[in-house]
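Text of data15.txt (compact mmCIF, C-alpha atoms and all ligand atoms) as supplied:
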```txt
# COMPACT_ATOMS: atom_id res chain seq x y z
CA MET A 887 127.11 56.71 89.84
CA ILE A 888 125.06 59.28 91.77
CA LEU A 889 124.99 62.86 90.46
CA VAL A 890 123.89 65.65 92.81
CA THR A 891 122.72 68.96 91.32
CA GLY A 892 122.80 72.23 93.28
CA ALA A 893 126.03 70.85 94.73
CA THR A 894 127.42 74.27 95.67
CA GLY A 895 124.28 74.91 97.76
CA HIS A 896 123.51 74.06 101.38
CA ILE A 897 121.44 70.93 100.76
CA GLY A 898 123.22 69.66 97.64
CA SER A 899 126.73 69.97 99.12
CA GLU A 900 125.65 68.18 102.31
CA VAL A 901 124.01 65.39 100.27
CA ALA A 902 127.16 65.01 98.14
CA ARG A 903 129.43 64.93 101.23
CA ARG A 904 127.23 62.41 102.98
CA LEU A 905 127.09 60.12 99.95
CA ALA A 906 130.87 60.32 99.55
CA GLY A 907 131.18 59.50 103.26
CA ARG A 908 129.14 56.34 102.65
CA GLY A 909 131.63 55.28 99.98
CA GLN A 910 129.28 56.00 97.05
CA ASN A 911 130.53 56.99 93.61
CA VAL A 912 129.39 60.66 93.64
CA VAL A 913 129.61 63.36 91.01
CA ALA A 914 128.70 66.97 91.88
CA MET A 915 126.96 69.15 89.29
CA VAL A 916 127.89 72.83 89.59
CA ARG A 917 127.38 75.95 87.48
CA ASP A 918 130.91 77.23 88.07
CA ALA A 919 133.70 74.83 89.00
CA ASN A 920 135.80 77.78 90.23
CA ALA A 921 133.16 79.20 92.57
CA ALA A 922 134.30 79.55 96.18
CA THR A 923 131.32 77.42 97.23
CA ALA A 924 132.51 74.58 94.95
CA ARG A 925 135.97 74.71 96.54
CA HIS A 926 134.87 75.17 100.16
CA ARG A 927 131.74 73.02 100.41
CA LEU A 928 132.83 69.97 98.39
CA PRO A 929 135.71 67.57 99.01
CA PHE A 930 138.72 68.46 96.83
CA SER A 931 138.72 65.03 95.19
CA MET A 932 135.02 65.00 94.23
CA PRO A 933 134.50 64.88 90.44
CA LEU A 934 132.56 67.86 89.06
CA ARG A 935 130.31 68.19 86.04
CA VAL A 936 129.39 71.69 84.89
CA ALA A 937 125.89 72.58 83.69
CA ASP A 938 123.23 75.24 84.16
CA TYR A 939 119.55 74.31 84.50
CA GLU A 940 118.96 76.73 81.60
CA ASP A 941 121.13 74.64 79.24
CA ILE A 942 119.41 71.40 78.35
CA ARG A 943 122.28 70.15 76.16
CA ALA A 944 124.81 70.67 78.96
CA LEU A 945 122.46 68.88 81.37
CA ARG A 946 122.11 65.97 78.93
CA THR A 947 125.91 65.67 78.78
CA ALA A 948 126.29 66.03 82.56
CA PHE A 949 123.79 63.22 83.17
CA GLU A 950 125.60 60.73 80.89
CA GLY A 951 126.16 57.40 82.69
CA VAL A 952 124.29 58.51 85.83
CA ASP A 953 122.38 55.81 87.73
CA VAL A 954 120.76 58.07 90.32
CA LEU A 955 120.15 61.79 89.79
CA VAL A 956 119.56 63.84 92.93
CA LEU A 957 117.68 66.82 91.52
CA ILE A 958 117.82 69.65 94.04
CA SER A 959 115.00 72.09 93.26
CA SER A 960 115.97 75.39 91.65
CA ASP A 961 115.21 78.82 93.06
CA GLY A 962 114.16 82.23 91.72
CA ALA A 963 111.13 83.46 89.80
CA ALA A 964 108.43 80.80 89.30
CA SER A 965 108.71 80.81 85.49
CA ALA A 966 112.47 80.15 85.67
CA VAL A 967 112.14 77.42 88.30
CA ARG A 968 109.44 75.67 86.24
CA ARG A 969 111.71 75.79 83.16
CA HIS A 970 114.79 74.59 85.11
CA HIS A 971 112.98 71.56 86.50
CA ALA A 972 111.47 70.73 83.08
CA ASN A 973 114.91 70.94 81.42
CA ALA A 974 116.51 68.69 84.04
CA ILE A 975 113.78 66.05 83.76
CA GLU A 976 113.84 66.09 79.96
CA ALA A 977 117.64 65.74 80.01
CA ALA A 978 117.45 62.91 82.57
CA ALA A 979 115.07 60.97 80.32
CA ALA A 980 117.23 61.63 77.23
CA ALA A 981 120.37 60.45 79.08
CA ALA A 982 118.55 57.30 80.31
CA VAL A 983 119.22 58.10 83.96
CA GLY A 984 118.17 55.16 86.16
CA HIS A 985 116.30 57.00 88.93
CA VAL A 986 115.56 60.61 89.92
CA VAL A 987 115.28 61.76 93.55
CA PHE A 988 113.64 65.22 93.57
CA THR A 989 113.32 67.66 96.49
CA SER A 990 109.78 69.02 96.21
CA ILE A 991 107.53 71.03 98.56
CA LEU A 992 104.62 70.07 100.85
CA ASP A 993 102.16 72.46 99.38
CA THR A 994 101.28 71.44 95.80
CA GLY A 995 97.46 71.37 96.13
CA GLU A 996 95.25 73.13 93.56
CA LEU A 997 93.77 75.30 96.34
CA SER A 998 97.10 76.48 97.75
CA PRO A 999 97.73 80.23 97.54
CA PHE A 1000 101.52 79.64 97.67
CA TYR A 1001 103.42 81.27 94.80
CA PHE A 1002 105.42 78.10 94.01
CA SER A 1003 102.60 75.52 94.30
CA SER A 1004 101.75 75.25 90.61
CA VAL A 1005 105.45 75.06 89.68
CA TYR A 1006 106.02 72.01 91.84
CA ARG A 1007 102.68 70.48 90.83
CA ASP A 1008 103.81 70.70 87.18
CA THR A 1009 107.27 69.29 87.99
CA GLU A 1010 105.82 66.33 89.89
CA ARG A 1011 103.43 65.59 86.98
CA GLN A 1012 106.27 65.75 84.48
CA LEU A 1013 108.39 63.44 86.64
CA ALA A 1014 105.56 60.92 86.88
CA HIS A 1015 105.28 60.78 83.08
CA CYS A 1016 108.92 61.07 81.99
CA GLY A 1017 109.62 57.35 81.90
CA VAL A 1018 112.34 57.46 84.58
CA PRO A 1019 111.52 55.95 87.99
CA SER A 1020 111.51 58.65 90.61
CA THR A 1021 111.23 59.46 94.30
CA ILE A 1022 109.56 62.73 95.23
CA LEU A 1023 110.63 64.01 98.62
CA ALA A 1024 108.28 66.79 99.67
CA CYS A 1025 110.28 68.90 102.14
CA GLY A 1026 108.77 70.94 104.96
CA LEU A 1027 109.95 74.46 105.71
CA TYR A 1028 113.64 74.52 106.56
CA SER A 1029 114.38 75.71 110.09
CA GLU A 1030 117.06 77.96 108.53
CA PHE A 1031 114.44 79.54 106.26
CA VAL A 1032 112.27 80.45 109.26
CA LEU A 1033 115.25 81.89 111.14
CA ASP A 1034 116.79 83.82 108.24
CA ASN A 1035 113.66 85.22 106.62
CA TRP A 1036 111.26 85.73 109.49
CA LEU A 1037 112.97 85.71 112.90
CA LEU A 1038 116.29 87.49 112.33
CA PRO A 1039 114.93 90.44 110.27
CA CYS A 1040 112.53 91.41 113.08
CA ALA A 1041 114.46 90.24 116.15
CA ALA A 1042 115.62 93.78 117.03
CA SER A 1043 112.03 95.11 117.01
CA GLY A 1044 110.80 92.37 119.37
CA GLU A 1045 107.76 91.74 117.16
CA LEU A 1046 107.19 89.20 114.38
CA ALA A 1047 104.28 90.44 112.24
CA LEU A 1048 103.12 87.82 109.71
CA PRO A 1049 99.84 87.09 107.85
CA ALA A 1050 99.94 83.42 108.96
CA ALA A 1051 96.93 83.46 111.33
CA TYR A 1052 97.36 80.65 113.88
CA GLY A 1053 98.41 78.05 111.33
CA GLN A 1054 100.88 75.42 112.45
CA PHE A 1055 103.85 73.86 110.68
CA SER A 1056 106.75 71.58 111.51
CA PRO A 1057 110.16 72.94 110.48
CA ILE A 1058 113.03 70.58 109.63
CA SER A 1059 116.71 71.52 109.44
CA ARG A 1060 118.61 71.48 106.16
CA ALA A 1061 121.03 68.94 107.68
CA ASP A 1062 118.15 66.54 108.33
CA VAL A 1063 116.71 67.04 104.84
CA ALA A 1064 120.15 66.32 103.37
CA ALA A 1065 120.57 63.22 105.56
CA ALA A 1066 117.25 61.81 104.31
CA VAL A 1067 117.94 62.67 100.67
CA ALA A 1068 121.37 60.99 100.84
CA ALA A 1069 119.98 57.85 102.49
CA ILE A 1070 117.31 57.53 99.79
CA ALA A 1071 119.69 58.29 96.92
CA ALA A 1072 122.03 55.56 98.14
CA ARG A 1073 119.26 52.94 97.92
CA PRO A 1074 116.27 54.40 96.05
CA GLY A 1075 114.59 51.04 95.44
CA ARG A 1076 114.11 50.51 99.19
CA PHE A 1077 111.85 53.51 99.73
CA PRO A 1078 108.36 54.53 98.56
CA GLU A 1079 107.95 56.74 95.48
CA ILE A 1080 106.74 59.66 97.57
CA GLY A 1081 108.06 60.78 100.96
CA ILE A 1082 107.09 63.79 103.05
CA LEU A 1083 109.83 65.21 105.28
CA THR A 1084 108.76 67.27 108.28
CA GLY A 1085 109.94 67.80 111.83
CA ASP A 1086 108.12 65.83 114.49
CA ARG A 1087 106.33 68.69 116.31
CA LEU A 1088 103.70 71.15 115.12
CA LEU A 1089 104.36 74.79 116.08
CA ASP A 1090 102.45 78.01 115.50
CA PHE A 1091 104.17 81.38 115.45
CA ASP A 1092 103.47 81.97 119.15
CA ASP A 1093 105.44 78.76 119.82
CA ILE A 1094 108.19 79.76 117.37
CA CYS A 1095 108.57 83.16 119.06
CA ALA A 1096 108.61 81.60 122.55
CA ILE A 1097 111.33 79.14 121.50
CA TYR A 1098 113.36 81.93 119.86
CA SER A 1099 113.02 84.14 122.96
CA GLU A 1100 114.26 81.32 125.18
CA ALA A 1101 117.14 80.32 122.89
CA SER A 1102 118.37 83.86 122.14
CA GLY A 1103 117.54 85.60 125.41
CA ARG A 1104 115.74 88.32 123.36
CA SER A 1105 111.99 88.68 123.76
CA LEU A 1106 110.01 88.18 120.53
CA ARG A 1107 106.21 88.21 120.17
CA TYR A 1108 104.02 87.19 117.26
CA ARG A 1109 101.41 89.58 115.86
CA LEU A 1110 98.97 88.56 113.15
CA CYS A 1111 99.01 91.20 110.41
CA SER A 1112 97.38 91.62 107.01
CA ILE A 1113 98.98 90.39 103.77
CA GLU A 1114 99.17 94.05 102.66
CA GLU A 1115 101.08 95.12 105.79
CA TYR A 1116 103.54 92.22 105.51
CA SER A 1117 104.07 92.73 101.76
CA ALA A 1118 104.77 96.45 102.23
CA ALA A 1119 107.33 95.76 104.98
CA ALA A 1120 108.96 92.90 103.04
CA SER A 1121 109.16 95.01 99.86
CA ALA A 1122 111.41 97.48 101.70
CA ARG A 1123 114.15 94.84 102.05
CA LEU A 1124 113.41 92.21 99.34
CA ASP A 1125 112.97 92.25 95.56
CA GLU A 1126 110.04 90.54 93.88
CA PRO A 1127 109.06 87.74 93.78
CA TRP A 1128 110.05 87.25 97.44
CA PRO A 1129 107.57 89.60 99.21
CA HIS A 1130 104.72 87.95 97.31
CA ALA A 1131 106.21 84.43 97.63
CA PHE A 1132 106.65 84.75 101.42
CA ALA A 1133 103.25 86.43 101.94
CA SER A 1134 101.52 83.66 99.98
CA LEU A 1135 103.47 81.07 101.99
CA CYS A 1136 102.19 82.67 105.21
CA ALA A 1137 98.65 82.58 103.80
CA SER A 1138 99.08 78.91 103.01
CA ILE A 1139 100.28 78.20 106.57
CA GLY A 1140 97.32 80.21 107.88
CA HIS A 1141 94.95 78.08 105.76
CA GLY A 1142 96.33 74.95 107.44
CA HIS A 1143 98.21 73.48 104.46
CA TYR A 1144 101.31 72.78 106.64
CA ASN A 1145 99.36 71.52 109.63
CA PHE A 1146 100.70 67.97 109.86
CA THR A 1147 103.79 65.93 110.69
CA THR A 1148 105.02 62.65 109.22
CA SER A 1149 107.31 59.89 110.45
CA CYS A 1150 109.11 59.73 107.09
CA PHE A 1151 112.35 61.24 108.40
CA ALA A 1152 112.59 58.76 111.28
CA ALA A 1153 111.83 55.84 108.94
CA VAL A 1154 114.62 56.86 106.57
CA ALA A 1155 117.24 58.16 109.01
CA ARG A 1156 116.37 55.88 111.97
CA ARG A 1157 116.46 58.74 114.45
CA LYS A 1158 114.29 61.68 115.43
CA PRO A 1159 114.65 64.93 113.48
CA GLU A 1160 116.35 67.82 115.25
CA SER A 1161 113.77 69.90 117.13
CA PHE A 1162 113.41 73.59 116.27
CA ARG A 1163 114.65 74.43 119.77
CA ASP A 1164 117.79 72.29 119.36
CA PHE A 1165 118.36 73.77 115.90
CA LEU A 1166 118.21 77.31 117.33
CA MET A 1167 120.50 76.47 120.26
CA ARG A 1168 123.03 74.90 117.88
CA THR A 1169 122.88 77.78 115.40
CA ILE A 1170 122.97 80.60 117.92
CA SER A 1171 125.87 79.09 119.84
CA ALA A 1172 127.77 78.48 116.57
CA ASN A 1173 127.21 82.11 115.55
CA LEU A 1174 128.36 83.38 118.95
CA ARG A 1175 131.44 81.16 118.71
CA ASP A 1176 132.28 82.32 115.18
CA GLY A 1177 131.29 85.92 115.86
CA ILE A 1178 129.44 86.04 112.53
CA ALA A 1179 125.91 85.40 111.35
CA LYS A 1180 126.21 82.11 109.55
CA HIS A 1181 124.35 78.83 109.78
N1 LIG B 1201 111.75 74.15 102.17
C1 LIG B 1201 112.24 75.37 102.36
O1 LIG B 1201 112.05 76.00 103.43
C2 LIG B 1201 113.05 76.02 101.29
C3 LIG B 1201 113.52 77.32 101.48
C4 LIG B 1201 114.29 77.90 100.49
C5 LIG B 1201 114.57 77.19 99.34
N2 LIG B 1201 114.10 75.92 99.17
C6 LIG B 1201 114.41 75.12 97.97
O2 LIG B 1201 115.41 74.18 98.35
C7 LIG B 1201 116.50 74.25 97.39
C8 LIG B 1201 117.81 73.88 98.08
O3 LIG B 1201 117.99 74.73 99.21
P1 LIG B 1201 119.46 75.27 99.56
O4 LIG B 1201 119.33 75.91 100.89
O5 LIG B 1201 120.47 74.20 99.33
O6 LIG B 1201 119.63 76.41 98.44
P2 LIG B 1201 121.01 77.14 98.02
O7 LIG B 1201 122.03 77.01 99.08
O8 LIG B 1201 120.60 78.49 97.55
O9 LIG B 1201 121.52 76.28 96.77
C9 LIG B 1201 120.86 76.33 95.55
C10 LIG B 1201 121.71 75.54 94.56
O10 LIG B 1201 121.04 75.57 93.28
C11 LIG B 1201 121.99 75.94 92.30
N3 LIG B 1201 121.36 76.62 91.16
C12 LIG B 1201 120.58 77.72 91.21
N4 LIG B 1201 120.24 78.07 89.96
C13 LIG B 1201 120.82 77.16 89.13
C14 LIG B 1201 120.86 77.01 87.72
N5 LIG B 1201 120.22 77.88 86.89
N6 LIG B 1201 121.54 75.97 87.20
C15 LIG B 1201 122.19 75.09 88.01
N7 LIG B 1201 122.21 75.19 89.37
C16 LIG B 1201 121.54 76.23 89.90
C17 LIG B 1201 122.93 76.91 93.02
O11 LIG B 1201 124.12 77.04 92.28
P3 LIG B 1201 125.06 78.38 92.43
O12 LIG B 1201 125.89 78.14 93.65
O13 LIG B 1201 125.84 78.39 91.17
O14 LIG B 1201 124.13 79.55 92.58
C18 LIG B 1201 123.11 76.16 94.34
O15 LIG B 1201 124.04 75.13 94.19
C19 LIG B 1201 116.42 75.67 96.86
O16 LIG B 1201 117.04 75.78 95.60
C20 LIG B 1201 114.92 75.91 96.79
O17 LIG B 1201 114.37 75.34 95.61
C21 LIG B 1201 113.34 75.32 100.12
```
Would you mind giving the structure from this file in structure tokens?
Ligand SMILES: NC(=O)c1ccc[n+]([C@@H]2O[C@H](COP(=O)([O-])OP(=O)(O)OC[C@H]3O[C@@H](n4cnc5c(N)ncnc54)[C@H](OP(=O)(O)O)[C@@H]3O)[C@@H](O)[C@H]2O)c1
Amino acid sequence: MILVTGATGHIGSEVARRLAGRGQNVVAMVRDANAATARHRLPFSMPLRVADYEDIRALRTAFEGVDVLVLISSDGAASAVRRHHANAIEAAAAAAVGHVVFTSILDTGELSPFYFSSVYRDTERQLAHCGVPSTILACGLYSEFVLDNWLLPCAASGELALPAAYGQFSPISRADVAAAVAAIAARPGRFPEIGILTGDRLLDFDDICAIYSEASGRSLRYRLCSIEEYSAAASARLDEPWPHAFASLCASIGHGHYNFTTSCFAAVARRKPESFRDFLMRTISANLRDGIAKH
């Protein structure tokens, strides 16, 4: 039995659907079985277990009889995310889960300025010592994240001002992350204990803006700005911790912490990852077709 947490979310629901499509025995863990996302993103017949990452006893019960736990990382303030991951790992060990597949981040180094680095460093250490075999899948920046949080908010102004210097990174779509997670969860013993999922091409923000301009037909230029300027602009539309989290992520990109690609996705999925250009073309044409901003 494979249990997928975060199953109402973008990645978790896609992982659960893909595993079900491969004929696996899948259970979806949700916070609210009546949520619209549970009804719309998961097959009607998929068994649900209800638990919140805050509730270690509910997690322990939800993980009963589970062979493979796909632990989709939590989101929110760093202290809450750290606690959620710790609860899930402690519950997995108590329930004698057979294997944990965890979606981590690329940027867990001691020198990283990124807001979430220490959280994921702690989670990975806890996983390594919890007594349950695990696979850590460090995921690059989602293409959707770049589009939603950086490109779309400034598209009308024609200028993307970020404190990311000329750092490069290699975005990967959520669909590709989910495809890799599902393939590994289906046969965890066949893959290494640590995988790093990135796209296959390094881009800086000049490249990202050029690709967006071409795909959308709207000119967008990158301008390097200070952390203070970005944080002030982001604070006008986002609550903490996001202005600080995104500014520190830009700083980390600028310091070169995302400046690499891996062949992990191709090794697992046996195809190339979707390029950022193809992702944008697909997303923009889907939005035009639907007449709404969704990805
Ligand atoms: N690499 C990147 O660029 C990037 C960017 C953003 C986020 N992330 C990370 O990747 C994860 C998956 O991404 P996504 O796009 O699938 O996110 P998403 O669509 O926001 O889904 C998050 C899932 O986590 C669940 N969740 C949140 N808090 C929970 C709690 N306290 N207890 C139980 N479940 C809880 C949500 O349940 P509800 O539906 O009940 O809220 C939802 O199912 C995120 O959670 C975040 O850690 C990575």
Contacts to ligand LIG 1201 (chain B) at 8 Å cut-off (all atoms listed in the file) as a CSV table (one decimal) with C-alpha atoms, in the coordinates of the input:
```csv
chain,number,residue,atom,x,y,z
A,891,THR,CA,122.7,69.0,91.3
A,892,GLY,CA,122.8,72.2,93.3
A,893,ALA,CA,126.0,70.8,94.7
A,894,THR,CA,127.4,74.3,95.7
A,895,GLY,CA,124.3,74.9,97.8
A,896,HIS,CA,123.5,74.1,101.4
A,897,ILE,CA,121.4,70.9,100.8
A,898,GLY,CA,123.2,69.7,97.6
A,899,SER,CA,126.7,70.0,99.1
A,915,MET,CA,127.0,69.2,89.3
A,916,VAL,CA,127.9,72.8,89.6
A,917,ARG,CA,127.4,76.0,87.5
A,918,ASP,CA,130.9,77.2,88.1
A,921,ALA,CA,133.2,79.2,92.6
A,923,THR,CA,131.3,77.4,97.2
A,924,ALA,CA,132.5,74.6,95.0
A,937,ALA,CA,125.9,72.6,83.7
A,938,ASP,CA,123.2,75.2,84.2
A,939,TYR,CA,119.6,74.3,84.5
A,940,GLU,CA,119.0,76.7,81.6
A,958,ILE,CA,117.8,69.6,94.0
A,959,SER,CA,115.0,72.1,93.3
A,960,SER,CA,116.0,75.4,91.6
A,961,ASP,CA,115.2,78.8,93.1
A,962,GLY,CA,114.2,82.2,91.7
A,967,VAL,CA,112.1,77.4,88.3
A,970,HIS,CA,114.8,74.6,85.1
A,989,THR,CA,113.3,67.7,96.5
A,990,SER,CA,109.8,69.0,96.2
A,991,ILE,CA,107.5,71.0,98.6
A,1025,CYS,CA,110.3,68.9,102.1
A,1026,GLY,CA,108.8,70.9,105.0
A,1027,LEU,CA,110.0,74.5,105.7
A,1028,TYR,CA,113.6,74.5,106.6
A,1029,SER,CA,114.4,75.7,110.1
A,1030,GLU,CA,117.1,78.0,108.5
A,1031,PHE,CA,114.4,79.5,106.3
A,1032,VAL,CA,112.3,80.4,109.3
A,1057,PRO,CA,110.2,72.9,110.5
A,1060,ARG,CA,118.6,71.5,106.2
```
Inset, instruction - Can you work out which one of A:Pro1039, A:Gly1081, A:Pro1049, A:Gly1017 has the shortest atom-to-atom distance to A:Leu992, counting all atoms listed in the file? - result: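 Closest to A:Leu992 of all the choices is A:Gly1081.
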Inset, instruction - Would you mind telling me which residue in A:Ser1003, A:Ser1020, A:Gln910, A:Ser1112 lies nearest to A:Leu957 when using all atoms listed in the file? - result: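 Answer, going by the shortest atom-to-atom distance: A:Ser1020.
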What are the nearest atom pairs, with distances in Å to one decimal, for all residues of stretch 1116-1160 of chain A that come at most 12 Å from stretch 1089-1094 of chain A, using all atoms listed in the file, set out by chain and rising residue number as CSV?
```
residue,atom,partner,partner_atom,distance
A:Cys1136,CA,A:Phe1091,CA,10.5
A:Ile1139,CA,A:Asp1090,CA,9.2
A:Gly1140,CA,A:Asp1090,CA,9.4
A:Gly1142,CA,A:Asp1090,CA,10.6
A:Tyr1144,CA,A:Leu1089,CA,10.1
A:Asn1145,CA,A:Leu1089,CA,8.8
A:Phe1146,CA,A:Leu1089,CA,9.9
A:Thr1147,CA,A:Leu1089,CA,10.4
```
Return as JSON the box centre and box size in Å, one decimal, for an axis-aligned box around all listed atoms of stretch 1107-1121 of chain A padded by 4 Å per side.
```
{"center_x": 103.3, "center_y": 91.8, "center_z": 110.0, "size_x": 19.8, "size_y": 17.3, "size_z": 28.3}
```
Inset, instruction - Identify, on the basis of only C-alpha atoms, every residue whose closest approach to A:Tyr1006 does not exceed 9 Å; exclude the query and any residue fewer than 4 positions from it along the same chain; express the result as a list in words. - result: Val967, Arg968, His971, Ser990, Ile991, Asp993, Thr994, Phe1002, Glu1010 and Arg1011 of chain A
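Nearest-residue note for A:Ser1004: choosing from A:Cys1040, A:Ala964, A:Ala1068, A:Val1018, the minimum distance belongs to A:Ala964, counting all atoms listed in the file.
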Inset, instruction - Compare A:Leu1166, A:Ala922, A:Phe930, A:Val956 by their minimum atom-to-atom distance to A:Asp1034, counting all atoms listed in the file, and give me the closest one. - result: A:Leu1166
Legend entry - Selection: 10 Å around A:Ser1117, all atoms listed in the file, excl. self and same-chain fewer than 2 positions, as a PyMOL selection string: chain A and resi 1048-1049+1112-1115+1119-1122+1124+1128-1134
Inset, instruction - Name the residues in contact with A:Leu1046 at a cut-off of 6 Å, using all atoms listed in the file, excluding same-chain residues fewer than 5 positions from it; report them as a VMD selection string. - result: chain A and resid 1040 1107 to 1109
Inset, instruction - Find the spatial neighbours of A:Val954, counting only C-alpha atoms, within a cut-off of 6 Å - ignore same-chain residues fewer than 5 positions away - and output them as number ranges by chain. - result: A: 888, 984-986
Inset, instruction - Return the single residue from A:Ala980, A:Ala972, A:Met887, A:Val1154 that is closest to A:Thr947, with distances computed using only C-alpha atoms. - result: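 Closest residue, counting only C-alpha atoms: A:Ala980.
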